[in-house]
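The file my_file-v5.txt contains compact mmCIF, C-alpha atoms and all ligand atoms:
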# COMPACT_ATOMS: atom_id res chain seq x y z
CA MET A 1 -202.64 110.08 -42.42
CA PRO A 2 -201.61 106.55 -43.38
CA GLU A 3 -199.71 106.21 -46.66
CA PRO A 4 -201.98 105.19 -49.55
CA GLY A 5 -202.39 101.43 -49.52
CA LYS A 6 -201.30 101.17 -45.89
CA THR A 7 -203.88 100.96 -43.14
CA LYS A 8 -203.10 102.66 -39.85
CA PHE A 9 -202.53 99.20 -38.42
CA GLN A 10 -199.37 98.74 -40.43
CA ILE A 11 -197.65 101.81 -39.13
CA ASP A 12 -194.55 101.30 -37.11
CA LEU A 13 -193.85 102.48 -33.60
CA ARG A 14 -191.72 105.50 -34.50
CA ARG A 15 -194.20 106.71 -37.06
CA TYR A 16 -197.10 106.14 -34.69
CA LEU A 17 -195.44 108.26 -32.01
CA ARG A 18 -194.67 110.95 -34.55
CA GLU A 19 -198.24 111.04 -35.78
CA GLU A 20 -199.44 111.28 -32.20
CA GLU A 21 -197.10 114.29 -31.86
CA GLU A 22 -195.28 112.72 -28.96
CA ASP A 23 -192.28 114.61 -27.58
CA ARG A 24 -189.24 113.88 -29.77
CA ASP A 25 -187.02 112.92 -26.87
CA LEU A 26 -189.62 110.54 -25.51
CA THR A 27 -190.07 109.02 -28.96
CA ARG A 28 -186.34 108.54 -29.18
CA LEU A 29 -186.19 106.91 -25.77
CA ILE A 30 -189.04 104.50 -26.50
CA CYS A 31 -187.53 103.56 -29.86
CA GLU A 32 -184.12 102.88 -28.27
CA ILE A 33 -185.79 100.51 -25.82
CA ALA A 34 -187.68 98.85 -28.68
CA ASP A 35 -184.36 98.40 -30.50
CA ALA A 36 -182.75 96.94 -27.39
CA SER A 37 -185.44 94.26 -27.28
CA LYS A 38 -184.20 92.81 -30.59
CA TYR A 39 -180.91 91.96 -28.93
CA ILE A 40 -182.63 90.63 -25.84
CA ILE A 41 -184.71 88.27 -28.00
CA ASN A 42 -181.54 87.02 -29.54
CA ALA A 43 -180.00 86.47 -26.11
CA ILE A 44 -183.10 84.56 -24.96
CA ARG A 45 -183.11 82.37 -28.06
CA THR A 46 -179.47 81.52 -28.09
CA GLY A 47 -177.97 82.64 -24.79
CA ASP A 48 -176.46 80.81 -21.89
CA LEU A 49 -178.97 79.63 -19.29
CA GLY A 50 -176.37 79.40 -16.53
CA VAL A 51 -175.86 81.67 -13.55
CA ALA A 52 -173.64 84.72 -13.78
CA GLY A 53 -172.07 84.15 -10.33
CA THR A 54 -173.46 87.45 -9.02
CA SER A 55 -176.60 88.44 -7.11
CA ASN A 56 -178.96 91.42 -7.31
CA LEU A 57 -180.08 93.70 -4.47
CA TYR A 58 -182.70 91.16 -3.37
CA GLY A 59 -179.98 88.52 -2.89
CA GLU A 60 -181.33 86.61 -5.88
CA GLU A 61 -178.83 84.77 -8.01
CA GLN A 62 -178.50 86.56 -11.34
CA LEU A 63 -178.82 84.47 -14.44
CA ALA A 64 -176.46 85.23 -17.29
CA LEU A 65 -179.50 86.38 -19.27
CA ASP A 66 -180.53 88.92 -16.61
CA VAL A 67 -177.07 90.45 -16.67
CA LEU A 68 -176.91 90.49 -20.44
CA SER A 69 -180.37 92.05 -20.85
CA ASP A 70 -179.50 94.65 -18.25
CA ARG A 71 -176.36 95.60 -20.16
CA ILE A 72 -178.20 95.81 -23.47
CA ILE A 73 -180.84 98.20 -22.10
CA ARG A 74 -178.40 100.32 -20.13
CA LYS A 75 -176.26 100.86 -23.19
CA ARG A 76 -179.25 102.00 -25.21
CA LEU A 77 -180.46 104.35 -22.49
CA VAL A 78 -177.03 105.95 -22.29
CA ASN A 79 -176.84 106.26 -26.09
CA SER A 80 -180.29 107.84 -26.33
CA GLY A 81 -178.89 111.14 -25.03
CA VAL A 82 -182.20 111.91 -23.30
CA VAL A 83 -181.83 110.05 -20.00
CA ALA A 84 -180.97 111.80 -16.73
CA ASN A 85 -181.02 108.81 -14.34
CA MET A 86 -181.66 105.12 -14.71
CA LEU A 87 -182.42 102.36 -12.30
CA SER A 88 -182.52 98.64 -12.98
CA GLU A 89 -183.96 95.80 -10.92
CA GLU A 90 -180.56 94.18 -11.35
CA THR A 91 -178.44 96.98 -9.86
CA PRO A 92 -178.39 98.38 -6.32
CA ASP A 93 -178.27 102.11 -7.08
CA ILE A 94 -179.65 104.83 -9.27
CA ILE A 95 -177.18 105.38 -12.11
CA PRO A 96 -176.74 109.02 -13.17
CA VAL A 97 -176.41 109.34 -16.95
CA ASP A 98 -176.70 112.95 -18.13
CA PRO A 99 -177.77 115.87 -15.92
CA HIS A 100 -179.38 117.48 -18.99
CA GLY A 101 -181.39 114.37 -19.86
CA LYS A 102 -185.11 115.01 -20.00
CA TYR A 103 -186.28 111.63 -18.68
CA SER A 104 -185.48 109.04 -16.04
CA VAL A 105 -186.14 105.36 -16.42
CA ALA A 106 -186.71 102.44 -14.04
CA PHE A 107 -186.69 99.01 -15.65
CA ASP A 108 -186.77 95.29 -15.13
CA PRO A 109 -184.61 94.08 -18.02
CA LEU A 110 -185.81 90.48 -17.97
CA ASP A 111 -188.74 89.71 -15.75
CA GLY A 112 -189.35 86.02 -15.14
CA SER A 113 -185.88 84.97 -16.24
CA SER A 114 -186.14 81.74 -14.26
CA LEU A 115 -188.90 80.73 -16.70
CA VAL A 116 -186.57 80.73 -19.69
CA ASP A 117 -185.17 77.30 -18.89
CA VAL A 118 -188.69 75.83 -18.99
CA ASN A 119 -189.39 77.80 -22.17
CA LEU A 120 -192.22 79.97 -20.86
CA ALA A 121 -192.79 83.60 -21.82
CA VAL A 122 -190.81 86.44 -20.21
CA GLY A 123 -190.66 90.19 -20.62
CA THR A 124 -189.00 93.57 -20.18
CA ILE A 125 -190.83 96.22 -18.11
CA VAL A 126 -190.11 99.96 -18.30
CA SER A 127 -191.30 102.99 -16.33
CA ILE A 128 -190.53 106.55 -17.50
CA TYR A 129 -190.62 109.85 -15.57
CA GLU A 130 -189.89 113.34 -16.71
CA GLY A 131 -186.94 114.93 -14.86
CA GLY A 132 -184.43 113.22 -12.63
CA ASP A 133 -186.57 111.87 -9.79
CA LEU A 134 -187.21 108.13 -9.71
CA LEU A 135 -188.53 107.96 -6.15
CA GLN A 136 -191.95 109.47 -6.67
CA PRO A 137 -195.48 108.06 -6.86
CA GLY A 138 -196.22 106.09 -10.02
CA ARG A 139 -199.06 108.42 -11.00
CA ASN A 140 -196.33 110.83 -12.17
CA GLN A 141 -195.06 108.45 -14.85
CA VAL A 142 -195.22 109.96 -18.33
CA ALA A 143 -195.01 106.61 -20.08
CA ALA A 144 -194.80 102.91 -19.34
CA LEU A 145 -194.33 99.87 -21.51
CA TYR A 146 -193.57 96.21 -21.51
CA ILE A 147 -192.21 93.89 -24.14
CA LEU A 148 -193.45 90.32 -24.11
CA TYR A 149 -191.18 87.64 -25.51
CA GLY A 150 -193.71 84.91 -26.24
CA PRO A 151 -194.47 82.93 -29.38
CA ARG A 152 -194.67 86.44 -30.85
CA THR A 153 -192.89 89.51 -29.56
CA THR A 154 -195.21 92.38 -28.67
CA LEU A 155 -194.72 95.80 -27.15
CA VAL A 156 -197.54 97.35 -25.11
CA LEU A 157 -197.23 101.07 -24.48
CA SER A 158 -198.96 104.04 -22.97
CA THR A 159 -197.78 107.64 -23.06
CA GLY A 160 -200.88 108.80 -21.18
CA SER A 161 -203.50 108.59 -23.91
CA GLY A 162 -204.64 105.00 -24.00
CA VAL A 163 -202.79 101.69 -24.30
CA HIS A 164 -201.62 100.35 -27.61
CA GLU A 165 -200.16 97.04 -28.69
CA PHE A 166 -197.44 96.69 -31.33
CA ALA A 167 -196.19 93.37 -32.71
CA MET A 168 -192.79 92.63 -34.17
CA ASN A 169 -192.92 91.76 -37.87
CA GLN A 170 -190.47 89.72 -39.95
CA LEU A 171 -188.27 92.80 -40.38
CA MET A 172 -188.09 93.07 -36.56
CA GLU A 173 -190.09 96.31 -36.62
CA TYR A 174 -192.93 96.93 -34.22
CA THR A 175 -196.18 97.71 -36.01
CA LEU A 176 -199.48 98.72 -34.47
CA VAL A 177 -201.90 95.84 -33.97
CA ASN A 178 -204.31 97.13 -31.29
CA GLU A 179 -205.17 100.71 -30.46
CA ASN A 180 -206.88 101.79 -27.23
CA LEU A 181 -207.15 98.48 -25.39
CA ARG A 182 -210.01 98.59 -22.86
CA MET A 183 -210.82 96.60 -19.72
CA ALA A 184 -214.39 95.45 -18.93
CA PRO A 185 -215.71 96.33 -15.44
CA ASN A 186 -215.51 92.74 -14.20
CA CYS A 187 -213.54 89.60 -14.81
CA THR A 188 -213.93 86.12 -16.15
CA ILE A 189 -210.32 85.09 -15.58
CA TYR A 190 -208.11 85.37 -12.52
CA SER A 191 -204.39 84.97 -12.14
CA PRO A 192 -203.41 84.34 -8.51
CA GLY A 193 -199.74 84.52 -7.51
CA GLY A 194 -198.07 83.42 -4.25
CA GLN A 195 -198.87 80.33 -2.16
CA ARG A 196 -202.54 80.03 -1.32
CA ASN A 197 -201.87 78.47 2.11
CA LYS A 198 -200.24 81.79 3.03
CA TYR A 199 -203.13 84.00 1.87
CA THR A 200 -204.82 86.13 4.51
CA PRO A 201 -208.60 85.69 5.07
CA GLY A 202 -209.56 88.66 2.84
CA THR A 203 -207.60 87.35 -0.15
CA GLU A 204 -208.83 83.81 0.46
CA LYS A 205 -212.42 85.10 0.43
CA PHE A 206 -211.75 86.96 -2.82
CA VAL A 207 -210.28 83.90 -4.54
CA ARG A 208 -213.27 81.83 -3.41
CA TYR A 209 -215.54 84.54 -4.81
CA MET A 210 -213.77 84.29 -8.18
CA GLU A 211 -214.14 80.49 -8.16
CA ASP A 212 -217.81 80.70 -7.21
CA LYS A 213 -218.58 83.08 -10.02
CA GLY A 214 -217.04 80.61 -12.45
CA ALA A 215 -213.93 82.61 -13.38
CA LYS A 216 -211.16 80.60 -15.03
CA LEU A 217 -207.71 80.37 -13.48
CA ARG A 218 -204.98 81.45 -15.89
CA TYR A 219 -201.53 81.82 -14.37
CA SER A 220 -198.14 81.31 -16.00
CA GLY A 221 -195.80 82.58 -13.28
CA GLY A 222 -194.50 85.38 -15.51
CA LEU A 223 -195.80 88.83 -14.66
CA VAL A 224 -195.59 90.16 -18.22
CA PRO A 225 -197.54 87.35 -19.93
CA ASP A 226 -199.99 87.17 -17.01
CA ILE A 227 -200.73 90.92 -17.12
CA ASN A 228 -200.79 90.83 -20.92
CA GLN A 229 -203.51 88.20 -20.79
CA VAL A 230 -205.57 90.28 -18.35
CA LEU A 231 -205.16 93.38 -20.52
CA LEU A 232 -205.70 91.82 -23.94
CA LYS A 233 -208.68 89.71 -22.88
CA GLY A 234 -209.94 92.83 -21.09
CA LYS A 235 -211.66 90.70 -18.47
CA GLY A 236 -209.17 89.60 -15.87
CA ILE A 237 -207.50 90.24 -12.56
CA PHE A 238 -203.93 89.45 -11.51
CA LEU A 239 -202.97 89.28 -7.88
CA TYR A 240 -199.78 88.75 -5.97
CA PRO A 241 -201.07 89.47 -2.50
CA HIS A 242 -199.56 90.05 0.91
CA LEU A 243 -198.77 86.66 2.41
CA GLU A 244 -198.27 85.34 5.91
CA GLY A 245 -194.59 86.04 6.52
CA ALA A 246 -194.42 88.41 3.50
CA PRO A 247 -196.69 91.39 4.28
CA ASP A 248 -195.44 93.26 1.21
CA GLY A 249 -195.90 90.37 -1.21
CA LYS A 250 -193.14 89.84 -3.74
CA LEU A 251 -193.37 92.24 -6.63
CA ARG A 252 -191.37 95.47 -6.76
CA LEU A 253 -193.12 98.80 -6.87
CA LEU A 254 -190.69 100.71 -9.07
CA PHE A 255 -189.86 98.09 -11.68
CA GLU A 256 -192.96 95.93 -11.86
CA LEU A 257 -196.06 97.39 -10.22
CA ASN A 258 -195.99 101.08 -11.17
CA PRO A 259 -195.56 100.54 -14.90
CA MET A 260 -198.19 97.75 -14.95
CA ALA A 261 -200.60 99.85 -12.87
CA TYR A 262 -200.15 102.79 -15.24
CA LEU A 263 -200.93 100.62 -18.27
CA ILE A 264 -203.95 98.91 -16.70
CA GLU A 265 -205.40 102.23 -15.47
CA GLN A 266 -204.90 103.71 -18.92
CA ALA A 267 -207.08 100.86 -20.23
CA GLY A 268 -209.83 101.64 -17.71
CA GLY A 269 -208.80 99.07 -15.09
CA ALA A 270 -207.54 99.53 -11.53
CA ALA A 271 -204.54 98.54 -9.41
CA SER A 272 -204.47 98.40 -5.62
CA ASN A 273 -202.24 97.04 -2.89
CA GLY A 274 -205.44 95.86 -1.18
CA ARG A 275 -205.83 99.12 0.71
CA GLN A 276 -204.94 101.90 -1.68
CA ARG A 277 -204.15 102.73 -5.28
CA ILE A 278 -200.71 101.47 -6.36
CA LEU A 279 -199.98 104.68 -8.28
CA ASP A 280 -200.43 106.76 -5.11
CA LEU A 281 -197.83 104.86 -3.07
CA MET A 282 -194.83 106.97 -2.15
CA PRO A 283 -191.76 104.76 -2.59
CA GLU A 284 -189.58 104.63 0.49
CA GLY A 285 -186.69 102.93 -1.26
CA ILE A 286 -185.73 101.55 -4.61
CA ASP A 287 -186.28 97.98 -3.46
CA GLN A 288 -189.80 98.53 -2.13
CA ARG A 289 -192.27 95.71 -2.67
CA ALA A 290 -196.06 95.82 -2.45
CA PRO A 291 -198.98 93.42 -2.69
CA VAL A 292 -201.03 93.87 -5.85
CA PHE A 293 -204.58 93.33 -7.12
CA ILE A 294 -204.71 94.59 -10.69
CA GLY A 295 -207.27 94.33 -13.48
CA CYS A 296 -211.02 94.94 -13.84
CA GLN A 297 -212.21 97.77 -11.66
CA GLU A 298 -215.16 96.13 -9.93
CA ASP A 299 -213.19 93.06 -8.92
CA VAL A 300 -210.25 95.11 -7.63
CA ALA A 301 -212.77 97.07 -5.52
CA ARG A 302 -214.27 93.79 -4.30
CA ALA A 303 -210.84 92.47 -3.27
CA GLU A 304 -210.26 95.71 -1.31
CA ALA A 305 -213.67 95.37 0.36
CA PHE A 306 -213.03 91.75 1.42
CA ILE A 307 -209.60 92.67 2.78
CA ARG A 308 -211.03 95.63 4.70
CA GLU A 309 -213.89 93.53 6.14
CA GLU A 310 -211.65 90.67 7.24
CA GLU A 311 -209.08 93.03 8.73
CA SER A 312 -211.71 94.89 10.74
CA LEU A 313 -213.13 91.54 11.93
CA SER A 314 -209.73 90.33 13.08
CA SER A 315 -208.88 93.62 14.77
CA ALA A 316 -212.31 93.48 16.50
CA PHE A 317 -211.35 90.00 17.82
CA ALA A 318 -207.88 91.18 18.78
CA GLY A 319 -209.45 94.16 20.59
P1 LIG B 401 -188.04 88.35 -11.57
O1 LIG B 401 -187.82 87.24 -12.53
O2 LIG B 401 -187.77 89.69 -12.20
O3 LIG B 401 -187.35 88.17 -10.26
O4 LIG B 401 -189.63 88.39 -11.20
C1 LIG B 401 -190.47 87.28 -11.39
C2 LIG B 401 -191.81 87.63 -10.83
C3 LIG B 401 -192.96 87.71 -11.81
O5 LIG B 401 -192.69 87.51 -13.14
C4 LIG B 401 -193.98 86.72 -11.30
O6 LIG B 401 -195.26 87.31 -11.30
C5 LIG B 401 -193.52 86.38 -9.93
O7 LIG B 401 -192.16 86.70 -9.85
C6 LIG B 401 -193.70 84.92 -9.62
O8 LIG B 401 -193.31 84.69 -8.33
P2 LIG B 401 -193.18 83.23 -7.67
O9 LIG B 401 -191.79 82.79 -7.96
O10 LIG B 401 -193.43 83.46 -6.22
O11 LIG B 401 -194.22 82.36 -8.31
MN MN B 402 -189.08 91.13 -12.15
MN MN B 403 -185.82 90.68 -13.49

Before anything else, please render the file you have as structure tokens.
Ligand code: AHG
Ligand code: MN
Ligand code: MN
Amino acid sequence: MPEPGKTKFQIDLRRYLREEEEDRDLTRLICEIADASKYIINAIRTGDLGVAGTSNLYGEEQLALDVLSDRIIRKRLVNSGVVANMLSEETPDIIPVDPHGKYSVAFDPLDGSSLVDVNLAVGTIVSIYEGGDLLQPGRNQVAALYILYGPRTTLVLSTGSGVHEFAMNQLMEYTLVNENLRMAPNCTIYSPGGQRNKYTPGTEKFVRYMEDKGAKLRYSGGLVPDINQVLLKGKGIFLYPHLEGAPDGKLRLLFELNPMAYLIEQAGGAASNGRQRILDLMPEGIDQRAPVFIGCQEDVARAEAFIREEESLSSAFAG
């Protein structure tokens, strides 16, 4: 029950999780990550925009901010005392922490870091499994969350019973602002990633379908704000499809797609690689990428149908 004089919407993250009778270790883990984000915000606001002189496992130059954010989260995960293994988009290997830890965590410490220098929104993305295994299908996640560093800082979380949004207040505490976010069956906005001249015919047909039905294009180039828009408006689809020359698209399954797919499904939406459900993909490696169509169910199904049709047409021609 909320304290007298306090509506449920002023309760903070820790209290919310306690009232929901979430596992204590999981609560602790989520709150450590929430605490880490305060330091990441500070780094974004005041930190060095230069390069760190190192590269990640994708050969991408690491910005000082990526490295710093990675360190901040890692330290918190180690301190939590509940983490078995952790894996960051910025490091090449799974890092063992504590064999008795109850949870394992895959995370992208600062997604969209190249947008900081043009002052666009960025985020932290986190995927949580029970036990030590990080190379399993995303449907086995027990929780996922992202933190969006925009004009406001928000944290969007699911522990398997709906998706909830918390916003940081002036005391830097996250308080509940939206409970049980829901997606409509079809979209009025679309958010198309990748270069359109490299789209395959199925994706091209889908994008034309969105244009013809009068959907509005809303794309920032940052996965966290783009997905947040789809989720909060409840009527959108984000895609970063397979491209000519990049059959797996760009986004990473473990750090970006699985946690986002878990959140969107929890809100009644869907996430597909164009052929099958993202959360059913068995990761073959920590650096696995996949195409993604994520958002309102009917439009994700339509994208799959167009891709299937165009692929069977082209294989009929090839045959
Ligand atoms: P990261 O900064 O972690 O490497 O990922 C950025 C991602 C994501 O935020 C966005 O959806 C996508 O890259 C944009 O890709 P393009 O650079 O191809 O536009
Ligand atoms: Mn990323
Ligand atoms: Mn990143």

Report task. Name the closest residue to Asp25 of chain A among the candidates A:Arg218, A:Lys75, A:His242, A:Lys102; distances are taken between atoms, counting only C-alpha atoms. Result -> A:Lys102

Distance cut-off 10 Å, centre (-189.6, 116.6, -15.5) in file coordinates, counting all atoms listed in the file: which residues qualify? Return them as a PDB file with C-alpha atoms, keeping the file's coordinate frame.
ATOM      1  CA  ALA A  84    -180.970 111.800 -16.730  1.00  0.00           C
ATOM      2  CA  GLY A 101    -181.390 114.370 -19.860  1.00  0.00           C
ATOM      3  CA  LYS A 102    -185.110 115.010 -20.000  1.00  0.00           C
ATOM      4  CA  TYR A 103    -186.280 111.630 -18.680  1.00  0.00           C
ATOM      5  CA  SER A 104    -185.480 109.040 -16.040  1.00  0.00           C
ATOM      6  CA  TYR A 129    -190.620 109.850 -15.570  1.00  0.00           C
ATOM      7  CA  GLU A 130    -189.890 113.340 -16.710  1.00  0.00           C
ATOM      8  CA  GLY A 131    -186.940 114.930 -14.860  1.00  0.00           C
ATOM      9  CA  GLY A 132    -184.430 113.220 -12.630  1.00  0.00           C
ATOM     10  CA  ASP A 133    -186.570 111.870  -9.790  1.00  0.00           C
ATOM     11  CA  ASN A 140    -196.330 110.830 -12.170  1.00  0.00           C
ATOM     12  CA  GLN A 141    -195.060 108.450 -14.850  1.00  0.00           C
ATOM     13  CA  VAL A 142    -195.220 109.960 -18.330  1.00  0.00           C
TER      14      VAL A 142
END

Query - Exercise answer, 10 Å around ligand MN 403 (chain B) with all atoms listed in the file, as an MDAnalysis selection string - result: chainID A and resid 56 60 62:63 65:67 69:70 88:90 107:114 122:125 252 255:256

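Atom CA of Met210 of chain A to atom CA of Gly295 of chain A spans 13.1 Å [interatomic distance, one decimal].
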
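The shortest atom-to-atom distance to Met86 of chain A, with all atoms listed in the file taken into account, belongs to A:Val126 out of A:Val126, A:Ala143, A:Ala261, A:Leu68.
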
Query raised in the report: So how many Å separate atom CA of His164 of chain A and atom CA of Arg14 of chain A, to one decimal?
Result: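 Going from atom CA of His164 of chain A over to atom CA of Arg14 of chain A, I get 13.1 Å.
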
Query - Residue nearest ligand LIG 401 (chain B) - candidates A:Leu251, A:Ile237, A:Ile72, A:Ala303, atoms counted: only C-alpha atoms and all ligand atoms - result: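 When distances to ligand LIG 401 (chain B) are compared using only C-alpha atoms and all ligand atoms, the smallest one comes from A:Leu251.
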
**Report entry** Given all atoms listed in the file as the counted atoms, nearest of A:Arg28, A:Gly249, A:Tyr199, A:Leu57 to Asn79 of chain A
**Finding:**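 Counting all atoms listed in the file, the residue closest to Asn79 of chain A is A:Arg28.
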
**Report entry** Proximity to ligand MN 402 (chain B) - best of A:Cys296, A:Val118, A:Leu29, A:Ala106, only C-alpha atoms and all ligand atoms
**Finding:**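 Nearest to ligand MN 402 (chain B): A:Ala106.
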
Query raised in the report: Got a sec: who's within 9 Å of Pro247 of chain A, counting all atoms listed in the file, leaving out chain neighbours fewer than 4 positions off, as a ChimeraX atom specification?
Result: /A:241-243,290-291

Report summary line: Among A:Gly236, A:Gly59, A:Pro185, A:Pro96, ligand LIG 401 (chain B) is approached most closely, using only C-alpha atoms and all ligand atoms, by A:Gly59

Requested in this report: Please identify all polymer residues within 10 Å of Ile41 of chain A, counting all atoms listed in the file, omitting same-chain residues fewer than 5 positions from it, and present them as a list in words.
Outcome: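 The contact residues come out as Ala36, Thr46, Gly47, Ser69, Gly123, Leu148, Tyr149, Gly150 and Thr153 of chain A.
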
Query - Atomic distance atom CA of Leu17 of chain A - atom CA of Asn169 of chain A, expressed in Å with one decimal - result: 17.7 Å

**Report entry** Ser191 of chain A environment, 6 Å, all atoms listed in the file, sequence neighbours closer than 5 positions dropped, as a PyMOL selection string
**Finding:** chain A and resi 217-219+238

Show me that you can extract segment 219-271 of chain A, keeping C-alpha atoms, and write it as a PDB file, in the first residue's frame.
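Ended up saving to out-v8.pdb:
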ATOM      1  CA  TYR A 219      14.040   7.850 -36.444  1.00  0.00           C
ATOM      2  CA  SER A 220      16.825   9.286 -34.301  1.00  0.00           C
ATOM      3  CA  GLY A 221      19.624   6.789 -34.939  1.00  0.00           C
ATOM      4  CA  GLY A 222      19.732   5.754 -31.283  1.00  0.00           C
ATOM      5  CA  LEU A 223      18.186   2.378 -30.535  1.00  0.00           C
ATOM      6  CA  VAL A 224      17.110   3.265 -27.002  1.00  0.00           C
ATOM      7  CA  PRO A 225      15.225   6.489 -27.833  1.00  0.00           C
ATOM      8  CA  ASP A 226      13.823   4.931 -31.019  1.00  0.00           C
ATOM      9  CA  ILE A 227      12.479   1.864 -29.184  1.00  0.00           C
ATOM     10  CA  ASN A 228      11.308   4.048 -26.309  1.00  0.00           C
ATOM     11  CA  GLN A 229       9.216   6.071 -28.738  1.00  0.00           C
ATOM     12  CA  VAL A 230       7.661   2.925 -30.210  1.00  0.00           C
ATOM     13  CA  LEU A 231       6.894   1.568 -26.739  1.00  0.00           C
ATOM     14  CA  LEU A 232       5.625   4.754 -25.100  1.00  0.00           C
ATOM     15  CA  LYS A 233       3.483   5.819 -28.062  1.00  0.00           C
ATOM     16  CA  GLY A 234       2.320   2.195 -28.202  1.00  0.00           C
ATOM     17  CA  LYS A 235       1.839   2.448 -31.959  1.00  0.00           C
ATOM     18  CA  GLY A 236       5.128   1.991 -33.714  1.00  0.00           C
ATOM     19  CA  ILE A 237       7.582  -0.335 -35.378  1.00  0.00           C
ATOM     20  CA  PHE A 238      11.381  -0.146 -35.399  1.00  0.00           C
ATOM     21  CA  LEU A 239      13.392  -2.005 -37.981  1.00  0.00           C
ATOM     22  CA  TYR A 240      17.050  -2.525 -38.660  1.00  0.00           C
ATOM     23  CA  PRO A 241      16.748  -5.096 -41.407  1.00  0.00           C
ATOM     24  CA  HIS A 242      19.088  -7.440 -43.229  1.00  0.00           C
ATOM     25  CA  LEU A 243      20.835  -5.437 -45.932  1.00  0.00           C
ATOM     26  CA  GLU A 244      22.565  -6.270 -49.176  1.00  0.00           C
ATOM     27  CA  GLY A 245      26.092  -7.079 -48.032  1.00  0.00           C
ATOM     28  CA  ALA A 246      24.957  -7.358 -44.370  1.00  0.00           C
ATOM     29  CA  PRO A 247      22.569 -10.338 -44.156  1.00  0.00           C
ATOM     30  CA  ASP A 248      22.523 -10.133 -40.350  1.00  0.00           C
ATOM     31  CA  GLY A 249      21.843  -6.400 -40.177  1.00  0.00           C
ATOM     32  CA  LYS A 250      23.778  -4.462 -37.558  1.00  0.00           C
ATOM     33  CA  LEU A 251      22.306  -4.851 -34.115  1.00  0.00           C
ATOM     34  CA  ARG A 252      23.618  -7.398 -31.623  1.00  0.00           C
ATOM     35  CA  LEU A 253      21.392 -10.158 -30.346  1.00  0.00           C
ATOM     36  CA  LEU A 254      22.704 -10.438 -26.797  1.00  0.00           C
ATOM     37  CA  PHE A 255      23.143  -6.787 -25.892  1.00  0.00           C
ATOM     38  CA  GLU A 256      20.523  -4.987 -27.955  1.00  0.00           C
ATOM     39  CA  LEU A 257      17.857  -7.215 -29.500  1.00  0.00           C
ATOM     40  CA  ASN A 258      17.033  -9.740 -26.776  1.00  0.00           C
ATOM     41  CA  PRO A 259      16.419  -7.198 -24.023  1.00  0.00           C
ATOM     42  CA  MET A 260      14.388  -4.939 -26.358  1.00  0.00           C
ATOM     43  CA  ALA A 261      12.391  -7.918 -27.670  1.00  0.00           C
ATOM     44  CA  TYR A 262      11.634  -9.023 -24.114  1.00  0.00           C
ATOM     45  CA  LEU A 263      10.354  -5.555 -23.190  1.00  0.00           C
ATOM     46  CA  ILE A 264       8.260  -5.106 -26.342  1.00  0.00           C
ATOM     47  CA  GLU A 265       6.713  -8.595 -26.012  1.00  0.00           C
ATOM     48  CA  GLN A 266       5.917  -7.880 -22.377  1.00  0.00           C
ATOM     49  CA  ALA A 267       3.941  -4.854 -23.624  1.00  0.00           C
ATOM     50  CA  GLY A 268       1.983  -6.999 -26.090  1.00  0.00           C
ATOM     51  CA  GLY A 269       4.148  -6.287 -29.141  1.00  0.00           C
ATOM     52  CA  ALA A 270       6.324  -8.620 -31.229  1.00  0.00           C
ATOM     53  CA  ALA A 271       9.938  -8.882 -32.383  1.00  0.00           C
TER      54      ALA A 271
END
